Each structure stands twice: as C-alpha cells, then as structure tokens.
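> TSV, C-alpha atoms, saved as target_14.tsv, coming up:
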```tsv
chain	number	residue	atom	x	y	z
A	1	MET	CA	-56.21	30.86	116.15
A	2	VAL	CA	-53.72	29.07	113.90
A	3	GLY	CA	-56.41	28.42	111.31
A	4	GLN	CA	-57.45	32.06	111.32
A	5	VAL	CA	-53.85	33.18	110.90
A	6	ILE	CA	-53.61	30.89	107.87
A	7	GLY	CA	-57.04	31.86	106.58
A	8	ALA	CA	-56.34	35.60	106.47
A	9	PRO	CA	-53.50	35.49	103.90
A	10	LEU	CA	-55.40	32.78	102.06
A	11	TYR	CA	-58.25	35.22	101.59
A	12	VAL	CA	-55.77	37.81	100.33
A	13	PHE	CA	-54.84	35.29	97.62
A	14	PHE	CA	-58.50	35.05	96.56
A	15	GLU	CA	-58.83	38.84	96.64
A	16	ILE	CA	-55.84	39.22	94.32
A	17	ARG	CA	-57.43	36.73	91.92
A	18	TYR	CA	-60.69	38.69	92.08
A	19	ARG	CA	-58.98	41.98	91.23
A	20	LYS	CA	-57.00	40.40	88.41
A	21	LYS	CA	-60.24	39.07	86.95
A	22	ILE	CA	-61.71	42.58	87.02
A	23	ALA	CA	-58.61	44.01	85.37
A	24	ARG	CA	-58.62	41.30	82.71
A	25	LEU	CA	-62.30	41.65	81.84
A	26	GLY	CA	-62.31	45.42	82.12
A	27	VAL	CA	-65.63	45.40	83.96
A	28	VAL	CA	-66.89	44.76	87.45
A	29	VAL	CA	-67.79	41.09	87.69
A	30	THR	CA	-70.97	39.79	89.33
A	31	PRO	CA	-71.22	39.73	93.14
A	32	GLU	CA	-71.26	35.93	93.03
A	33	THR	CA	-67.58	36.03	92.10
A	34	ARG	CA	-67.00	37.04	95.71
A	35	LEU	CA	-68.19	33.61	96.83
A	36	GLU	CA	-65.13	31.64	95.72
A	37	PRO	CA	-63.52	31.65	99.20
A	38	ALA	CA	-66.87	30.65	100.73
A	39	LEU	CA	-66.97	27.56	98.52
A	40	TRP	CA	-63.74	26.34	100.10
A	41	ALA	CA	-64.96	27.34	103.55
A	42	ALA	CA	-68.08	25.23	103.04
A	43	ILE	CA	-65.74	22.24	102.82
A	44	PHE	CA	-63.20	23.21	105.47
A	45	MET	CA	-65.69	23.94	108.24
A	46	PRO	CA	-67.71	20.69	108.44
A	47	VAL	CA	-64.60	18.59	107.81
A	48	GLY	CA	-62.74	20.41	110.57
A	49	LEU	CA	-65.61	20.14	113.03
A	50	PHE	CA	-66.19	16.43	112.37
A	51	TRP	CA	-62.45	15.87	112.68
A	52	LEU	CA	-62.44	17.62	116.05
A	53	ALA	CA	-65.57	15.85	117.27
A	54	PHE	CA	-64.37	12.32	116.66
A	55	THR	CA	-60.83	12.86	117.89
A	56	THR	CA	-61.94	13.80	121.41
A	57	TYR	CA	-61.49	10.25	122.71
A	58	ASP	CA	-58.84	9.62	125.36
A	59	SER	CA	-57.08	7.15	123.09
A	60	ILE	CA	-56.31	9.87	120.53
A	61	HIS	CA	-53.59	12.45	121.09
A	62	TRP	CA	-54.89	15.97	121.55
A	63	ALA	CA	-52.71	17.30	118.72
A	64	VAL	CA	-54.73	15.27	116.21
A	65	GLY	CA	-57.87	17.19	117.15
A	66	VAL	CA	-56.05	20.50	116.79
A	67	VAL	CA	-55.77	19.84	113.06
A	68	GLY	CA	-59.56	19.98	112.90
A	69	THR	CA	-59.61	23.37	114.62
A	70	ILE	CA	-57.12	24.66	112.04
A	71	LEU	CA	-59.43	23.67	109.20
A	72	PHE	CA	-62.39	25.22	110.99
A	73	GLY	CA	-60.48	28.45	111.67
A	74	MET	CA	-59.51	28.75	108.02
A	75	GLY	CA	-63.08	28.20	106.92
A	76	ASN	CA	-64.41	30.64	109.50
A	77	VAL	CA	-62.22	33.47	108.21
A	78	LEU	CA	-62.89	32.70	104.56
A	79	ILE	CA	-66.66	32.51	104.84
A	80	SER	CA	-66.97	35.53	107.15
A	81	ILE	CA	-65.05	37.88	104.88
A	82	SER	CA	-66.44	36.38	101.70
A	83	MET	CA	-70.08	36.68	102.73
A	84	THR	CA	-69.56	40.20	104.08
A	85	ASN	CA	-68.06	41.32	100.77
A	86	TYR	CA	-70.84	39.52	98.92
A	87	LEU	CA	-73.48	41.45	100.85
A	88	ILE	CA	-71.63	44.72	100.26
A	89	SER	CA	-71.43	44.00	96.52
A	90	ILE	CA	-75.17	43.32	96.38
A	91	TYR	CA	-76.55	46.11	98.54
A	92	SER	CA	-73.85	48.77	97.94
A	93	ILE	CA	-75.40	51.89	99.50
A	94	PHE	CA	-77.35	49.72	101.96
A	95	ALA	CA	-74.21	47.76	102.83
A	96	ALA	CA	-74.05	49.04	106.41
A	97	THR	CA	-77.54	47.75	107.16
A	98	ALA	CA	-76.87	44.42	105.47
A	99	SER	CA	-73.60	43.97	107.37
A	100	ALA	CA	-75.26	44.90	110.65
A	101	THR	CA	-78.01	42.34	110.06
A	102	ASN	CA	-75.39	39.72	109.31
A	103	ALA	CA	-73.49	40.59	112.48
A	104	LEU	CA	-76.70	40.45	114.52
A	105	ALA	CA	-77.47	36.96	113.23
A	106	ARG	CA	-73.98	35.73	114.14
A	107	ALA	CA	-74.14	37.38	117.55
A	108	THR	CA	-77.52	35.76	118.22
A	109	PHE	CA	-76.07	32.30	117.58
A	110	ALA	CA	-73.03	33.13	119.72
A	111	PHE	CA	-75.32	34.25	122.54
A	112	THR	CA	-77.73	31.32	122.32
A	113	PHE	CA	-75.41	28.32	122.15
A	114	PRO	CA	-73.70	28.78	125.55
A	115	LEU	CA	-77.12	28.60	127.20
A	116	PHE	CA	-77.37	24.87	126.51
A	117	THR	CA	-73.83	23.80	125.60
A	118	SER	CA	-72.92	22.48	129.06
A	119	HIS	CA	-76.07	20.34	129.17
A	120	MET	CA	-75.39	19.12	125.65
A	121	TYR	CA	-71.88	17.94	126.51
A	122	HIS	CA	-73.04	16.41	129.77
A	123	ASN	CA	-75.81	14.38	128.12
A	124	LEU	CA	-74.21	13.48	124.80
A	125	GLY	CA	-70.54	13.32	125.64
A	126	PRO	CA	-67.69	15.21	123.95
A	127	ALA	CA	-67.80	13.40	120.62
A	128	TRP	CA	-71.49	13.67	119.74
A	129	ALA	CA	-71.93	17.05	121.39
A	130	SER	CA	-69.08	18.39	119.26
A	131	ALA	CA	-70.64	16.73	116.24
A	132	ILE	CA	-73.81	18.85	116.47
A	133	PRO	CA	-72.08	22.03	115.18
A	134	ALA	CA	-70.46	19.83	112.54
A	135	PHE	CA	-73.85	18.62	111.34
A	136	LEU	CA	-75.10	22.22	111.29
A	137	ALA	CA	-72.08	23.26	109.22
A	138	LEU	CA	-72.74	20.34	106.90
A	139	ALA	CA	-76.39	21.36	106.53
A	140	PHE	CA	-75.41	24.89	105.52
A	141	ALA	CA	-72.49	23.80	103.33
A	142	PRO	CA	-74.53	23.86	100.08
A	143	LEU	CA	-75.54	27.50	100.64
A	144	PRO	CA	-72.53	29.16	98.92
A	145	PHE	CA	-72.90	26.79	95.96
A	146	LEU	CA	-76.61	27.57	95.71
A	147	LEU	CA	-75.91	31.30	95.86
A	148	LEU	CA	-73.31	30.90	93.15
A	149	LYS	CA	-75.90	29.27	90.89
A	150	PHE	CA	-79.08	31.12	91.83
A	151	GLY	CA	-77.72	34.33	93.33
A	152	SER	CA	-78.44	36.45	90.27
A	153	THR	CA	-82.06	35.24	90.23
A	154	LEU	CA	-82.50	36.04	93.90
A	155	ARG	CA	-80.95	39.48	93.45
A	156	ALA	CA	-83.34	40.23	90.62
A	157	ARG	CA	-86.26	39.57	92.97
A	158	SER	CA	-84.85	41.61	95.84
A	159	ARG	CA	-86.42	45.05	96.22
A	160	PHE	CA	-83.50	46.42	98.20
A	161	ALA	CA	-80.88	45.00	95.84
A	162	ASN	CA	-82.65	46.54	92.84
A	163	GLU	CA	-83.10	49.86	94.59
A	164	ALA	CA	-79.44	49.92	95.57
A	165	LYS	CA	-78.46	49.13	91.99
A	166	ALA	CA	-80.67	51.93	90.63
A	167	ARG	CA	-79.36	54.51	93.09
A	168	LEU	CA	-75.80	53.48	92.40
A	169	ALA	CA	-76.41	53.91	88.67
A	170	LYS	CA	-77.74	57.44	89.28
A	171	LEU	CA	-74.72	58.29	91.38
A	172	GLU	CA	-72.49	57.00	88.61
A	173	GLU	CA	-74.26	59.26	86.10
A	174	VAL	CA	-73.77	62.26	88.37
A	175	ARG	CA	-70.10	61.37	88.79
A	176	LYS	CA	-69.62	61.18	85.02
A	177	LYS	CA	-71.28	64.57	84.50
A	178	VAL	CA	-69.10	66.13	87.18
A	179	ASP	CA	-66.00	64.61	85.58
A	180	GLU	CA	-67.02	65.92	82.16
A	181	LYS	CA	-67.56	69.45	83.48
A	182	PHE	CA	-64.25	69.33	85.30
A	183	GLU	CA	-62.46	68.22	82.14
A	184	GLU	CA	-64.11	71.00	80.12
A	185	LYS	CA	-63.04	73.65	82.63
A	186	HIS	CA	-59.56	72.16	82.85
A	187	ALA	CA	-59.25	72.19	79.06
A	188	ALA	CA	-60.43	75.82	78.90
A	189	VAL	CA	-57.85	76.91	81.46
A	190	GLU	CA	-55.02	75.13	79.67
A	191	LYS	CA	-56.02	76.35	76.17
A	192	PRO	CA	-52.94	78.08	74.68
A	193	VAL	CA	-53.00	81.80	73.90
A	194	GLU	CA	-52.23	82.63	70.26
A	195	ILE	CA	-50.22	85.78	69.44
A	196	ASP	CA	-51.29	87.53	66.21
A	197	SER	CA	-48.98	89.42	63.91
A	198	ALA	CA	-50.08	92.80	65.29
A	199	GLY	CA	-48.80	91.91	68.71
A	200	GLY	CA	-52.21	91.26	70.20
A	201	SER	CA	-53.42	88.02	71.60
A	202	SER	CA	-56.40	85.87	70.86
A	203	ALA	CA	-57.86	82.97	72.83
```
As structure tokens, how would this structure be written, given the file I've shared?


Amino acid sequence: MVGQVIGAPLYVFFEIRYRKKIARLGVVVTPETRLEPALWAAIFMPVGLFWLAFTTYDSIHWAVGVVGTILFGMGNVLISISMTNYLISIYSIFAATASATNALARATFAFTFPLFTSHMYHNLGPAWASAIPAFLALAFAPLPFLLLKFGSTLRARSRFANEAKARLAKLEEVRKKVDEKFEEKHAAVEKPVEIDSAGGSSA
C-alpha cells in the first residue's frame, strides 16, 4: 500500500514530463514515450520481490522486508498505468478492447496463483517460494526495454494498430473540415456591415 501511494504521484511526475515533451516538440510523440515509467518499474519490481523473498528469515526484522514491498508497490503502479496508456496510444479507437484484454490477462494470473500458492510455500519455504514471483518479474523485466526499441516495428506489423491509425486519421480529417466550415460561418456572421453614402447598407 505504501509503495502504491508513492508510485501514484511518481507517475504524475512522468506524465508531466510527457506533456511538456509534447508541448516542446509541438507534435504528439510516439507511443513508446509512454514506456518511461515502465522502465523504472522493470527495475523496482524484481528488486523489491527478491528483497522481500530473502528477508523472510526469522533472524531478520520484519520491517526490512517491508522495504521490498514498497519497491514492488511502486513498480506495480508505474507499470500498470504505463502499459495501459501505451496500449491506448497504440490502438486508440480499439483502446477499450485492448485494455479489457490486458485486464483479463492480469485477472487470469491473479486467479491462477492462489490455486497452488499454499503448496508452493509448504514445499519450498517462505524464501524460495517468494522468490518465484521475483524470478518471473526478472524474466519479464526486459520487455519494456524491448518495446522501447522495437515497438515501432511491431506496431507497423500489427493489423489492428494500423487500422486504428488509419481510422483516427480519417476522423482527424473530418474534424478539420468541420472546424473549417464552422470558422467560415462564424466569419460570415461577424462580417461588418458597410454603410454607403446614400444611407443604404451593403454586406
């Protein structure tokens, strides 16, 4: 909980940096820019889990292990929000489906692990049983870095990402046309009326 409380404002810091980058460049940056918080999370999560796993011994004060949960909580918040925003940036009009798929994957893991967790801790002990999620986090740690490097290539090969991009471009064209028509009508309404010398008026 403490780590999540810290992670939330930390993500706000990254979001402010993201928006400043957009304002400075004057264009919308690539979706991979959204991955910056996830890069830090990829470090925080395995470190925090390994810290927790190997501080479960009776000889170590419980407060030492809590530090590991703080790191994990921070990483959990950062990577969850970062990856969700990344998916939204990629799939735009299909964002609801992409987010739902992401949520389903997380829920599946959350549902599956309790089925064997008690046996795992009974057979392996607290330290090594707690280390299994740490090893999993370590195995997936390179993923944000790989997406940062190869994300644009993967997006170019994605049918849904390309379709979303094309539809979004069409919607943008429609929006521009509507804005232009609105400006024309607005200009016509505000056009001043000229009074001629005979006392008549002309548009």

> Can you build me a table of region 106-151 of chain A residues sitting at most 10 Å from region 86-101 of chain A, with the closest atom pair per residue and its distance in Å to one decimal, using all atoms listed in the file, sorted by chain and residue number, as a Markdown table?


```
| residue | atom | partner | partner_atom | distance |
| --- | --- | --- | --- | --- |
| A:Arg106 | CA | A:Thr101 | CA | 8.8 |
| A:Ala107 | CA | A:Thr101 | CA | 9.8 |
| A:Gly151 | CA | A:Ile90 | CA | 9.8 |
```

> Between A:Glu15, A:Glu163, A:Asp179, A:Asp58, which one has atoms that come closest to Pro126 (chain A), using all atoms listed in the file?

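Closest to Pro126 (chain A) of all the choices is A:Asp58.
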
> Could you list as a PDB file with C-alpha atoms, keeping the file's coordinate frame every residue that has an atom within 6 Å of (-63.5, 29.7, 103.3), using the file's coordinates and counting all atoms listed in the file?


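What landed in selection36.pdb:
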```
ATOM      1  CA  PRO A  37     -63.520  31.650  99.200  1.00  0.00           C
ATOM      2  CA  ALA A  38     -66.870  30.650 100.730  1.00  0.00           C
ATOM      3  CA  TRP A  40     -63.740  26.340 100.100  1.00  0.00           C
ATOM      4  CA  ALA A  41     -64.960  27.340 103.550  1.00  0.00           C
ATOM      5  CA  GLY A  75     -63.080  28.200 106.920  1.00  0.00           C
ATOM      6  CA  LEU A  78     -62.890  32.700 104.560  1.00  0.00           C
ATOM      7  CA  ILE A  79     -66.660  32.510 104.840  1.00  0.00           C
TER       8      ILE A  79
END
```

> One number please: CA of Ala134 (chain A) to CA of Leu52 (chain A), in Å, one decimal.

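A separation of 9.0 Å between them.
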
> Kindly provide, as an MDAnalysis selection string, the polymer residues lying within 10 Å of (-54.4, 30.8, 105.2), counting all atoms listed in the file and using the coordinates exactly as they appear in the file.

chainID A and resid 2:13 70:71 73:75 77:78

> Just to confirm, what's the straight-line distance from CA of Ala42 (chain A) to CA of Leu147 (chain A) in Å (one decimal)?

12.2 Å

> Can you take the partial region 112-146 of chain A, add N, CA and C atoms, and return it as a PDB file, keeping the file's coordinate frame?


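What follows is the written file rebuild19.pdb:
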```
ATOM      1  N   THR A 112     -76.787  32.387 122.002  1.00  0.00           N
ATOM      2  CA  THR A 112     -77.730  31.320 122.320  1.00  0.00           C
ATOM      3  C   THR A 112     -77.040  30.015 122.693  1.00  0.00           C
ATOM      4  N   PHE A 113     -76.018  29.637 121.956  1.00  0.00           N
ATOM      5  CA  PHE A 113     -75.410  28.320 122.150  1.00  0.00           C
ATOM      6  C   PHE A 113     -74.861  28.080 123.558  1.00  0.00           C
ATOM      7  N   PRO A 114     -74.198  29.048 124.187  1.00  0.00           N
ATOM      8  CA  PRO A 114     -73.700  28.780 125.550  1.00  0.00           C
ATOM      9  C   PRO A 114     -74.789  28.487 126.569  1.00  0.00           C
ATOM     10  N   LEU A 115     -76.030  28.830 126.254  1.00  0.00           N
ATOM     11  CA  LEU A 115     -77.120  28.600 127.200  1.00  0.00           C
ATOM     12  C   LEU A 115     -77.395  27.110 127.402  1.00  0.00           C
ATOM     13  N   PHE A 116     -77.085  26.305 126.389  1.00  0.00           N
ATOM     14  CA  PHE A 116     -77.370  24.870 126.510  1.00  0.00           C
ATOM     15  C   PHE A 116     -76.156  23.986 126.213  1.00  0.00           C
ATOM     16  N   THR A 117     -75.002  24.590 125.972  1.00  0.00           N
ATOM     17  CA  THR A 117     -73.830  23.800 125.600  1.00  0.00           C
ATOM     18  C   THR A 117     -73.391  22.853 126.710  1.00  0.00           C
ATOM     19  N   SER A 118     -73.377  23.336 127.953  1.00  0.00           N
ATOM     20  CA  SER A 118     -72.920  22.480 129.060  1.00  0.00           C
ATOM     21  C   SER A 118     -73.825  21.263 129.223  1.00  0.00           C
ATOM     22  N   HIS A 119     -75.135  21.463 129.080  1.00  0.00           N
ATOM     23  CA  HIS A 119     -76.070  20.340 129.170  1.00  0.00           C
ATOM     24  C   HIS A 119     -75.872  19.375 127.990  1.00  0.00           C
ATOM     25  N   MET A 120     -75.589  19.938 126.845  1.00  0.00           N
ATOM     26  CA  MET A 120     -75.390  19.120 125.650  1.00  0.00           C
ATOM     27  C   MET A 120     -74.182  18.203 125.820  1.00  0.00           C
ATOM     28  N   TYR A 121     -73.081  18.753 126.323  1.00  0.00           N
ATOM     29  CA  TYR A 121     -71.880  17.940 126.510  1.00  0.00           C
ATOM     30  C   TYR A 121     -72.056  16.933 127.642  1.00  0.00           C
ATOM     31  N   HIS A 122     -72.817  17.323 128.651  1.00  0.00           N
ATOM     32  CA  HIS A 122     -73.040  16.410 129.770  1.00  0.00           C
ATOM     33  C   HIS A 122     -73.883  15.206 129.338  1.00  0.00           C
ATOM     34  N   ASN A 123     -74.886  15.448 128.514  1.00  0.00           N
ATOM     35  CA  ASN A 123     -75.810  14.380 128.120  1.00  0.00           C
ATOM     36  C   ASN A 123     -75.309  13.548 126.946  1.00  0.00           C
ATOM     37  N   LEU A 124     -74.617  14.180 126.017  1.00  0.00           N
ATOM     38  CA  LEU A 124     -74.210  13.480 124.800  1.00  0.00           C
ATOM     39  C   LEU A 124     -72.759  13.017 124.815  1.00  0.00           C
ATOM     40  N   GLY A 125     -71.955  13.638 125.647  1.00  0.00           N
ATOM     41  CA  GLY A 125     -70.540  13.320 125.640  1.00  0.00           C
ATOM     42  C   GLY A 125     -69.789  14.208 124.653  1.00  0.00           C
ATOM     43  N   PRO A 126     -68.468  14.288 124.788  1.00  0.00           N
ATOM     44  CA  PRO A 126     -67.690  15.210 123.950  1.00  0.00           C
ATOM     45  C   PRO A 126     -67.819  14.963 122.453  1.00  0.00           C
ATOM     46  N   ALA A 127     -67.818  13.698 122.050  1.00  0.00           N
ATOM     47  CA  ALA A 127     -67.800  13.400 120.620  1.00  0.00           C
ATOM     48  C   ALA A 127     -69.091  13.845 119.928  1.00  0.00           C
ATOM     49  N   TRP A 128     -70.228  13.359 120.415  1.00  0.00           N
ATOM     50  CA  TRP A 128     -71.490  13.670 119.740  1.00  0.00           C
ATOM     51  C   TRP A 128     -71.944  15.103 119.994  1.00  0.00           C
ATOM     52  N   ALA A 129     -71.602  15.646 121.139  1.00  0.00           N
ATOM     53  CA  ALA A 129     -71.930  17.050 121.390  1.00  0.00           C
ATOM     54  C   ALA A 129     -71.149  17.956 120.436  1.00  0.00           C
ATOM     55  N   SER A 130     -69.883  17.613 120.204  1.00  0.00           N
ATOM     56  CA  SER A 130     -69.080  18.390 119.260  1.00  0.00           C
ATOM     57  C   SER A 130     -69.520  18.159 117.823  1.00  0.00           C
ATOM     58  N   ALA A 131     -70.189  17.038 117.593  1.00  0.00           N
ATOM     59  CA  ALA A 131     -70.640  16.730 116.240  1.00  0.00           C
ATOM     60  C   ALA A 131     -71.869  17.550 115.835  1.00  0.00           C
ATOM     61  N   ILE A 132     -72.606  18.070 116.805  1.00  0.00           N
ATOM     62  CA  ILE A 132     -73.810  18.850 116.470  1.00  0.00           C
ATOM     63  C   ILE A 132     -73.456  20.091 115.642  1.00  0.00           C
ATOM     64  N   PRO A 133     -72.472  20.916 116.060  1.00  0.00           N
ATOM     65  CA  PRO A 133     -72.080  22.030 115.180  1.00  0.00           C
ATOM     66  C   PRO A 133     -71.574  21.546 113.821  1.00  0.00           C
ATOM     67  N   ALA A 134     -70.947  20.374 113.814  1.00  0.00           N
ATOM     68  CA  ALA A 134     -70.460  19.830 112.540  1.00  0.00           C
ATOM     69  C   ALA A 134     -71.620  19.506 111.610  1.00  0.00           C
ATOM     70  N   PHE A 135     -72.676  18.920 112.161  1.00  0.00           N
ATOM     71  CA  PHE A 135     -73.850  18.620 111.340  1.00  0.00           C
ATOM     72  C   PHE A 135     -74.531  19.909 110.858  1.00  0.00           C
ATOM     73  N   LEU A 136     -74.537  20.931 111.711  1.00  0.00           N
ATOM     74  CA  LEU A 136     -75.100  22.220 111.290  1.00  0.00           C
ATOM     75  C   LEU A 136     -74.277  22.821 110.151  1.00  0.00           C
ATOM     76  N   ALA A 137     -72.952  22.749 110.289  1.00  0.00           N
ATOM     77  CA  ALA A 137     -72.080  23.260 109.220  1.00  0.00           C
ATOM     78  C   ALA A 137     -72.292  22.473 107.935  1.00  0.00           C
ATOM     79  N   LEU A 138     -72.497  21.172 108.073  1.00  0.00           N
ATOM     80  CA  LEU A 138     -72.740  20.340 106.900  1.00  0.00           C
ATOM     81  C   LEU A 138     -74.077  20.692 106.241  1.00  0.00           C
ATOM     82  N   ALA A 139     -75.075  21.000 107.065  1.00  0.00           N
ATOM     83  CA  ALA A 139     -76.390  21.360 106.530  1.00  0.00           C
ATOM     84  C   ALA A 139     -76.344  22.662 105.740  1.00  0.00           C
ATOM     85  N   PHE A 140     -75.510  23.600 106.199  1.00  0.00           N
ATOM     86  CA  PHE A 140     -75.410  24.890 105.520  1.00  0.00           C
ATOM     87  C   PHE A 140     -74.333  24.913 104.440  1.00  0.00           C
ATOM     88  N   ALA A 141     -73.584  23.843 104.312  1.00  0.00           N
ATOM     89  CA  ALA A 141     -72.490  23.800 103.330  1.00  0.00           C
ATOM     90  C   ALA A 141     -72.945  24.063 101.896  1.00  0.00           C
ATOM     91  N   PRO A 142     -74.122  23.589 101.473  1.00  0.00           N
ATOM     92  CA  PRO A 142     -74.530  23.860 100.080  1.00  0.00           C
ATOM     93  C   PRO A 142     -74.882  25.315  99.799  1.00  0.00           C
ATOM     94  N   LEU A 143     -75.053  26.130 100.843  1.00  0.00           N
ATOM     95  CA  LEU A 143     -75.540  27.500 100.640  1.00  0.00           C
ATOM     96  C   LEU A 143     -74.663  28.320  99.694  1.00  0.00           C
ATOM     97  N   PRO A 144     -73.334  28.372  99.874  1.00  0.00           N
ATOM     98  CA  PRO A 144     -72.530  29.160  98.920  1.00  0.00           C
ATOM     99  C   PRO A 144     -72.647  28.666  97.483  1.00  0.00           C
ATOM    100  N   PHE A 145     -72.763  27.348  97.308  1.00  0.00           N
ATOM    101  CA  PHE A 145     -72.900  26.790  95.960  1.00  0.00           C
ATOM    102  C   PHE A 145     -74.250  27.164  95.353  1.00  0.00           C
ATOM    103  N   LEU A 146     -75.288  27.177  96.190  1.00  0.00           N
ATOM    104  CA  LEU A 146     -76.610  27.570  95.710  1.00  0.00           C
ATOM    105  C   LEU A 146     -76.642  29.058  95.353  1.00  0.00           C
TER     106      LEU A 146
END
```
